[in-house]
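Q: After the structure tokens below, expect a handful of questions from me.
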Amino acid sequence: MNPESDIKNIRFQKMVAEIEDYAILLLDQDGYIENWNKGAEKIKGYKAREIIGKNFSNFYTPEDQAKGLPAKLLAEARAKGSVRHEGWRVKKNGERFWGNVVITAIHGDDNTVIGFTKVTRDMTEKKLAEENLRRSEDRYHKMVAEIQDYAILLMDVNGKVENWNKGAERIKGYKASEVTGKHFSIFYTPEDLANQKPQRLLERAIKNGRAQDEGWRLRKDGTAFWANVTITALHNDEGEITGFSKVTRDLTEIKKAEATLLNMQRIEARNDELEQLTYITSHDLQEPLRNISSFIDVFREEYGQKLDDTGQEMLQFIKTATTRMSELINGLLDYGRLGRNAEATEINTQEVVDEICADLSTLIRETGAEIKIQPLPIIFGYRTEFRLLLQNLISNAIKFRKPNVQPLVEVSAELIQDKWRFAVKDNGIGIEPQYLDRIFLIFQRLHSSRQYEGSGIGLAHCKRIAALHHGDLWVTSEPGTGSTFYFTINTNNFSL
């Protein structure tokens, strides 16, 4: 025997026995354990005395044992010299770990297999990390695929579509099968294609890393939508461009809202100009009217006794027409100012009606009118305008009364879904069906001023005040029986 060789063998055996990161086993030709190192004890949980003499199939799951996997691995190692395998293995306490296994056949002098070495490494942490990464990637890809508010595309280096999510399908109208392999320029307008916009965006993304743009794009059906687009260049580890991602958001509604806002601003500016013009015009018109009225008074005082009855009547016609013209101008000016610079506040509508009845006390007393008021709510709105609305409706209910009939006016309110619906009901002359819409137009009158006083602006005022409160105004009526005027106040837009 060679003492030096024996020493090396002993050292080698001790080295194998002391290794802790690998489970190293010596198996006989049938797979029974003959030797066991510290690594095997650490990884598998058995002491050497507990496992030596038992078959290595003890480390395999019931599922793998049922498939005959341990025997198959030995057979493959015997036939090929070695075999590699990865899978779940079982520790002494029943806990599973992911094992990377190499089984190598040991041959005798006659080249027959006399046993096996089995080296196992615990790869559980790596396996779990890979599983977590895979699940994370799966969730990410599913997330991208399921997103519906953004069109997310993957394109190759030439701009051809490689992948397509549900958002792209919803926004652009194509199925993935219809667009994969086609150039993304199919979404651009003829004007953008003529200006080579798609290519210029790719070039900008290559140069700067990404390119952003907003503009009109085309759906499959040819309709246009306003798109916010970000194209990002994708690189490999060497920094080479491998393709592009393209994220598109449909901002059509926002674009329309901006256009609406711009139009509203223009209308607001125009309204300001019109209000100023109305104010100046009314002021300039009032002045000559006041002069006419004053000269009529002077003329009547100085020369009235020289006029016969016809002259006196004609002079009164002029005076009445002048007064009515002045009222119309003031009414027009008030109509233009409705809601301007008003602030929404809490309104006790019961108190408002009480105030109106106090202001109309003379008319109520002269006509003998009876005002019935049901419990009324507290709302949020424009108090001055709201009071004008109710005052017009209540005074009209009294004014348009039937001869020799005591006026009866009922004021009530009820909450219907998200709106308060107010009602002012009377027992007056009523309105013919063909005039139910006409009465809300400015300067529209159904009766002469001799029959019923007024400028023809009051109900137009009311209609506009209801709209100011995000509501509506309408009427139901039966000629000779009476009318009920309804108006709504939207609680969603006016809430405390």
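Residue numbering restarts at 1 for every chain of the structure tokens, chains are lettered A, B, ... in their displayed order, and ligands are numbered from 1 as they appear.
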Tell me, which residues of range 186-426 of chain A carry DSSP strand (DSSP E), written as an MDAnalysis selection string?
A: chainID A and resid 210:218 224:235 241:250 345:348 370:373 378:381 408:416 419:426
Q: Enumerate, in order of chain and increasing residue number, the residues of range 76-114 of chain A with an atom no farther than 6 Å from range 119-132 of chain A, each with its shortest atom pair and distance in Å to one decimal, counting only C-alpha atoms, as a tab-separated table.
A:
residue	atom	partner	partner_atom	distance
A:Phe97	CA	A:Thr124	CA	5.4
A:Trp98	CA	A:Thr124	CA	4.5
A:Gly99	CA	A:Asp122	CA	5.0
A:Asn100	CA	A:Arg121	CA	5.1
A:Val101	CA	A:Thr120	CA	4.5
A:Val102	CA	A:Val119	CA	5.3
Q: I'd like the neighbourhood of range 162-177 of chain A as number ranges by chain, where a residue qualifies if any of its atoms comes within 10 Å (using only C-alpha atoms), though same-chain residues fewer than 3 positions away should be ignored.
A: A: 141-156, 159, 180-183, 187, 217-225, 227, 243-250
Q: Could the residues in this selection be written to a file with N, CA and C atoms, as a compact mmCIF listing (two decimals), in the first residue's frame?
A:
# COMPACT_ATOMS: atom_id res chain seq x y z
N HIS A 141 -47.60 41.28 -17.25
CA HIS A 141 -48.09 41.13 -18.62
C HIS A 141 -49.62 41.11 -18.66
N LYS A 142 -50.22 40.44 -17.65
CA LYS A 142 -51.68 40.43 -17.60
C LYS A 142 -52.23 41.81 -17.29
N MET A 143 -51.53 42.54 -16.41
CA MET A 143 -51.95 43.90 -16.10
C MET A 143 -51.94 44.76 -17.34
N VAL A 144 -50.83 44.69 -18.09
CA VAL A 144 -50.72 45.47 -19.32
C VAL A 144 -51.80 45.06 -20.31
N ALA A 145 -52.00 43.73 -20.41
CA ALA A 145 -52.99 43.24 -21.37
C ALA A 145 -54.40 43.67 -21.01
N GLU A 146 -54.70 43.75 -19.69
CA GLU A 146 -56.06 44.04 -19.25
C GLU A 146 -56.37 45.53 -19.16
N ILE A 147 -55.34 46.38 -19.11
CA ILE A 147 -55.57 47.82 -19.00
C ILE A 147 -56.42 48.29 -20.18
N GLN A 148 -57.49 49.03 -19.87
CA GLN A 148 -58.40 49.46 -20.93
C GLN A 148 -58.40 50.96 -21.17
N ASP A 149 -57.83 51.73 -20.26
CA ASP A 149 -57.83 53.18 -20.44
C ASP A 149 -56.66 53.67 -21.29
N TYR A 150 -55.68 52.79 -21.50
CA TYR A 150 -54.51 53.15 -22.30
C TYR A 150 -54.30 52.09 -23.38
N ALA A 151 -53.96 52.54 -24.58
CA ALA A 151 -53.55 51.61 -25.63
C ALA A 151 -52.04 51.41 -25.49
N ILE A 152 -51.63 50.17 -25.20
CA ILE A 152 -50.21 49.87 -24.99
C ILE A 152 -49.77 48.91 -26.08
N LEU A 153 -48.78 49.34 -26.87
CA LEU A 153 -48.30 48.57 -28.01
C LEU A 153 -46.81 48.27 -27.85
N LEU A 154 -46.39 47.12 -28.33
CA LEU A 154 -44.98 46.79 -28.47
C LEU A 154 -44.70 46.75 -29.95
N MET A 155 -43.67 47.50 -30.39
CA MET A 155 -43.35 47.58 -31.81
C MET A 155 -41.90 47.15 -32.03
N ASP A 156 -41.62 46.63 -33.23
CA ASP A 156 -40.25 46.27 -33.55
C ASP A 156 -39.47 47.51 -33.95
N GLY A 159 -41.16 49.82 -36.37
CA GLY A 159 -42.47 50.42 -36.06
C GLY A 159 -43.64 49.52 -36.36
N THR A 180 -51.53 43.12 -35.69
CA THR A 180 -50.18 42.60 -35.47
C THR A 180 -49.47 42.43 -36.80
N GLY A 181 -48.24 42.97 -36.87
CA GLY A 181 -47.45 42.91 -38.09
C GLY A 181 -47.60 44.11 -38.99
N LYS A 182 -48.58 44.98 -38.69
CA LYS A 182 -48.78 46.18 -39.50
C LYS A 182 -48.06 47.37 -38.88
N HIS A 183 -47.72 48.35 -39.71
CA HIS A 183 -46.99 49.52 -39.24
C HIS A 183 -47.93 50.45 -38.48
N PHE A 187 -52.60 54.39 -37.92
CA PHE A 187 -53.48 55.13 -37.01
C PHE A 187 -53.43 56.64 -37.29
N ARG A 217 -55.91 61.06 -34.20
CA ARG A 217 -55.59 59.74 -34.71
C ARG A 217 -56.87 59.10 -35.24
N LEU A 218 -56.70 58.02 -36.00
CA LEU A 218 -57.84 57.38 -36.64
C LEU A 218 -58.10 55.99 -36.06
N ARG A 219 -59.38 55.70 -35.82
CA ARG A 219 -59.79 54.37 -35.43
C ARG A 219 -60.01 53.51 -36.68
N LYS A 220 -60.29 52.24 -36.44
CA LYS A 220 -60.54 51.33 -37.55
C LYS A 220 -61.71 51.80 -38.40
N ASP A 221 -62.77 52.34 -37.75
CA ASP A 221 -63.96 52.77 -38.49
C ASP A 221 -63.81 54.13 -39.14
N GLY A 222 -62.60 54.73 -39.03
CA GLY A 222 -62.35 56.01 -39.70
C GLY A 222 -62.63 57.23 -38.85
N THR A 223 -63.25 57.04 -37.67
CA THR A 223 -63.51 58.19 -36.80
C THR A 223 -62.20 58.66 -36.15
N ALA A 224 -62.14 59.94 -35.86
CA ALA A 224 -60.93 60.53 -35.28
C ALA A 224 -61.07 60.67 -33.77
N PHE A 225 -59.95 60.52 -33.07
CA PHE A 225 -59.92 60.78 -31.64
C PHE A 225 -58.64 61.54 -31.32
N ALA A 227 -55.43 62.06 -29.33
CA ALA A 227 -54.56 61.12 -28.62
C ALA A 227 -53.37 61.83 -28.00
N GLY A 243 -36.55 47.80 -30.22
CA GLY A 243 -37.94 48.08 -30.56
C GLY A 243 -38.44 49.31 -29.82
N PHE A 244 -39.77 49.45 -29.75
CA PHE A 244 -40.38 50.62 -29.12
C PHE A 244 -41.63 50.20 -28.37
N SER A 245 -41.90 50.90 -27.28
CA SER A 245 -43.22 50.79 -26.65
C SER A 245 -43.98 52.07 -27.00
N LYS A 246 -45.28 51.92 -27.16
CA LYS A 246 -46.11 53.07 -27.53
C LYS A 246 -47.36 53.06 -26.64
N VAL A 247 -47.52 54.12 -25.85
CA VAL A 247 -48.66 54.25 -24.95
C VAL A 247 -49.53 55.41 -25.43
N THR A 248 -50.80 55.12 -25.67
CA THR A 248 -51.72 56.12 -26.20
C THR A 248 -52.91 56.27 -25.27
N ARG A 249 -53.27 57.50 -24.98
CA ARG A 249 -54.46 57.78 -24.17
C ARG A 249 -55.45 58.60 -24.98
N ASP A 250 -56.70 58.20 -24.93
CA ASP A 250 -57.76 58.91 -25.65
C ASP A 250 -58.21 60.11 -24.82
Q: Near Ala211 in chain A, within 8 Å and counting only C-alpha atoms, which residues show up once chain neighbours fewer than 3 positions away are dropped, as a list in words?
A: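 Residues near the query, excluding close chain neighbours: Leu201, Leu202, Arg204, Ala205, Asn208, Thr230, Ile231 and Thr232 of chain A.
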Q: Using C-alpha atoms, can you write the selected residues to a file as a short mmCIF file (atom, residue, chain, number, x, y, z; two decimals), in the first residue's frame?
A:
data_model
loop_
_atom_site.label_atom_id
_atom_site.label_comp_id
_atom_site.auth_asym_id
_atom_site.auth_seq_id
_atom_site.Cartn_x
_atom_site.Cartn_y
_atom_site.Cartn_z
CA LEU A 201 -41.61 60.38 -33.90
CA LEU A 202 -39.52 57.19 -34.11
CA ARG A 204 -37.03 61.50 -32.01
CA ALA A 205 -37.49 58.48 -29.71
CA ASN A 208 -33.91 61.31 -27.04
CA THR A 230 -45.57 58.48 -25.69
CA ILE A 231 -43.15 56.37 -27.75
CA THR A 232 -40.19 54.95 -25.80
#
Q: As a PyMOL selection string, please: the residues near Cys462 in chain A (cut-off 8 Å, only C-alpha atoms, same-chain neighbours under 2 positions excluded).
A: chain A and resi 388-389+392-393+458-460+464-466+473
Q: Which of these residues is nearest to Met314 in chain A, using only C-alpha atoms: A:Ile296, A:Ala344, A:Ile106, A:Ile43?
A: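 Under the stated criterion, the closest residue is A:Ile296.
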Q: Could you tell me how far CA of Lys54 in chain A lies from CA of Ile33 in chain A, in Å and to one decimal?
A: 5.7 Å
Q: As an exercise, work out the distance from CA of Leu69 in chain A to CA of Ser57 in chain A in Å and give it to one decimal place.
A: 8.5 Å
Q: What are the DSSP alpha helix (DSSP H) residues of range 130-266 of chain A, as a PyMOL selection string?
A: chain A and resi 130-146+166-172+176-179+190-194+197-208+252-266
Q: What is the distance, in Å and to one decimal place, between CA of Thr189 in chain A and CA of Asp213 in chain A?
A: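 CA of Thr189 in chain A sits 13.9 Å away from CA of Asp213 in chain A.
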Q: For Arg290 in chain A, which of A:Thr345, A:Thr310, A:Gln265, A:Thr323 is the closest residue, counting only C-alpha atoms?
A: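 Under the stated criterion, the closest residue is A:Thr323.
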Q: Give me the residues within 10 Å of His107 in chain A as a list in words, counting only C-alpha atoms and dropping any in the same chain fewer than 6 places off.
A: Gln29, Arg78, Gly81, Val113, Ile114, Gly115 and Phe116 of chain A
Q: Could you save the residues just selected, with C-alpha atoms, as a PDB file, in the first residue's frame?
A:
ATOM      1  CA  GLN A  29     -26.278  -0.406  -6.891  1.00  0.00           C
ATOM      2  CA  ARG A  78     -26.470   3.333 -15.099  1.00  0.00           C
ATOM      3  CA  GLY A  81     -22.999   7.346 -16.634  1.00  0.00           C
ATOM      4  CA  VAL A 113     -21.892  -0.530 -11.945  1.00  0.00           C
ATOM      5  CA  ILE A 114     -21.201  -1.162  -8.290  1.00  0.00           C
ATOM      6  CA  GLY A 115     -22.967   1.890  -6.855  1.00  0.00           C
ATOM      7  CA  PHE A 116     -23.741   5.584  -7.288  1.00  0.00           C
TER       8      PHE A 116
END
Q: Excluding same-chain residues fewer than 6 positions from range 394-399 of chain A, what lies within 10 Å of it counting only C-alpha atoms, as a PyMOL selection string?
A: chain A and resi 353+356-357+360+363-364+367-371+388+406-411+424-430+452-454+458-459+482-485
Q: The selected residues should be written to file as a PDB file, in the first residue's frame (atoms: C-alpha atoms).
A:
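Saved file out.pdb follows:
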ATOM      1  CA  VAL A 353     -92.310  83.242   0.523  1.00  0.00           C
ATOM      2  CA  ILE A 356     -92.950  88.014  -0.801  1.00  0.00           C
ATOM      3  CA  CYS A 357     -96.413  87.857   0.741  1.00  0.00           C
ATOM      4  CA  LEU A 360     -97.544  91.895  -2.002  1.00  0.00           C
ATOM      5  CA  LEU A 363    -102.342  93.433  -3.870  1.00  0.00           C
ATOM      6  CA  ILE A 364    -103.424  90.497  -1.712  1.00  0.00           C
ATOM      7  CA  THR A 367    -107.968  91.211  -4.507  1.00  0.00           C
ATOM      8  CA  GLY A 368    -108.880  89.168  -1.433  1.00  0.00           C
ATOM      9  CA  ALA A 369    -106.339  86.545  -2.511  1.00  0.00           C
ATOM     10  CA  GLU A 370    -105.692  83.529  -0.266  1.00  0.00           C
ATOM     11  CA  ILE A 371    -102.122  82.206  -0.193  1.00  0.00           C
ATOM     12  CA  LEU A 388     -87.556  87.135  -8.014  1.00  0.00           C
ATOM     13  CA  GLN A 406    -111.314  85.107  -5.067  1.00  0.00           C
ATOM     14  CA  PRO A 407    -107.748  84.212  -6.114  1.00  0.00           C
ATOM     15  CA  LEU A 408    -106.352  81.058  -4.475  1.00  0.00           C
ATOM     16  CA  VAL A 409    -102.601  80.440  -4.711  1.00  0.00           C
ATOM     17  CA  GLU A 410    -100.920  77.303  -3.323  1.00  0.00           C
ATOM     18  CA  VAL A 411     -97.120  77.088  -2.937  1.00  0.00           C
ATOM     19  CA  VAL A 424     -97.200  77.479  -7.663  1.00  0.00           C
ATOM     20  CA  LYS A 425    -100.839  76.601  -8.350  1.00  0.00           C
ATOM     21  CA  ASP A 426    -103.679  79.066  -8.985  1.00  0.00           C
ATOM     22  CA  ASN A 427    -107.385  79.092  -9.830  1.00  0.00           C
ATOM     23  CA  GLY A 428    -107.018  81.808 -12.480  1.00  0.00           C
ATOM     24  CA  ILE A 429    -107.908  82.185 -16.128  1.00  0.00           C
ATOM     25  CA  GLY A 430    -105.615  79.407 -17.347  1.00  0.00           C
ATOM     26  CA  TYR A 452    -103.333  92.809 -17.559  1.00  0.00           C
ATOM     27  CA  GLU A 453    -100.319  94.946 -16.764  1.00  0.00           C
ATOM     28  CA  GLY A 454     -96.800  93.737 -17.478  1.00  0.00           C
ATOM     29  CA  GLY A 458     -91.350  88.201 -16.134  1.00  0.00           C
ATOM     30  CA  LEU A 459     -91.671  84.539 -17.191  1.00  0.00           C
ATOM     31  CA  GLY A 482    -106.202  77.584 -13.499  1.00  0.00           C
ATOM     32  CA  SER A 483    -102.493  76.871 -13.966  1.00  0.00           C
ATOM     33  CA  THR A 484     -99.678  75.224 -12.048  1.00  0.00           C
ATOM     34  CA  PHE A 485     -96.137  76.452 -12.647  1.00  0.00           C
TER      35      PHE A 485
END
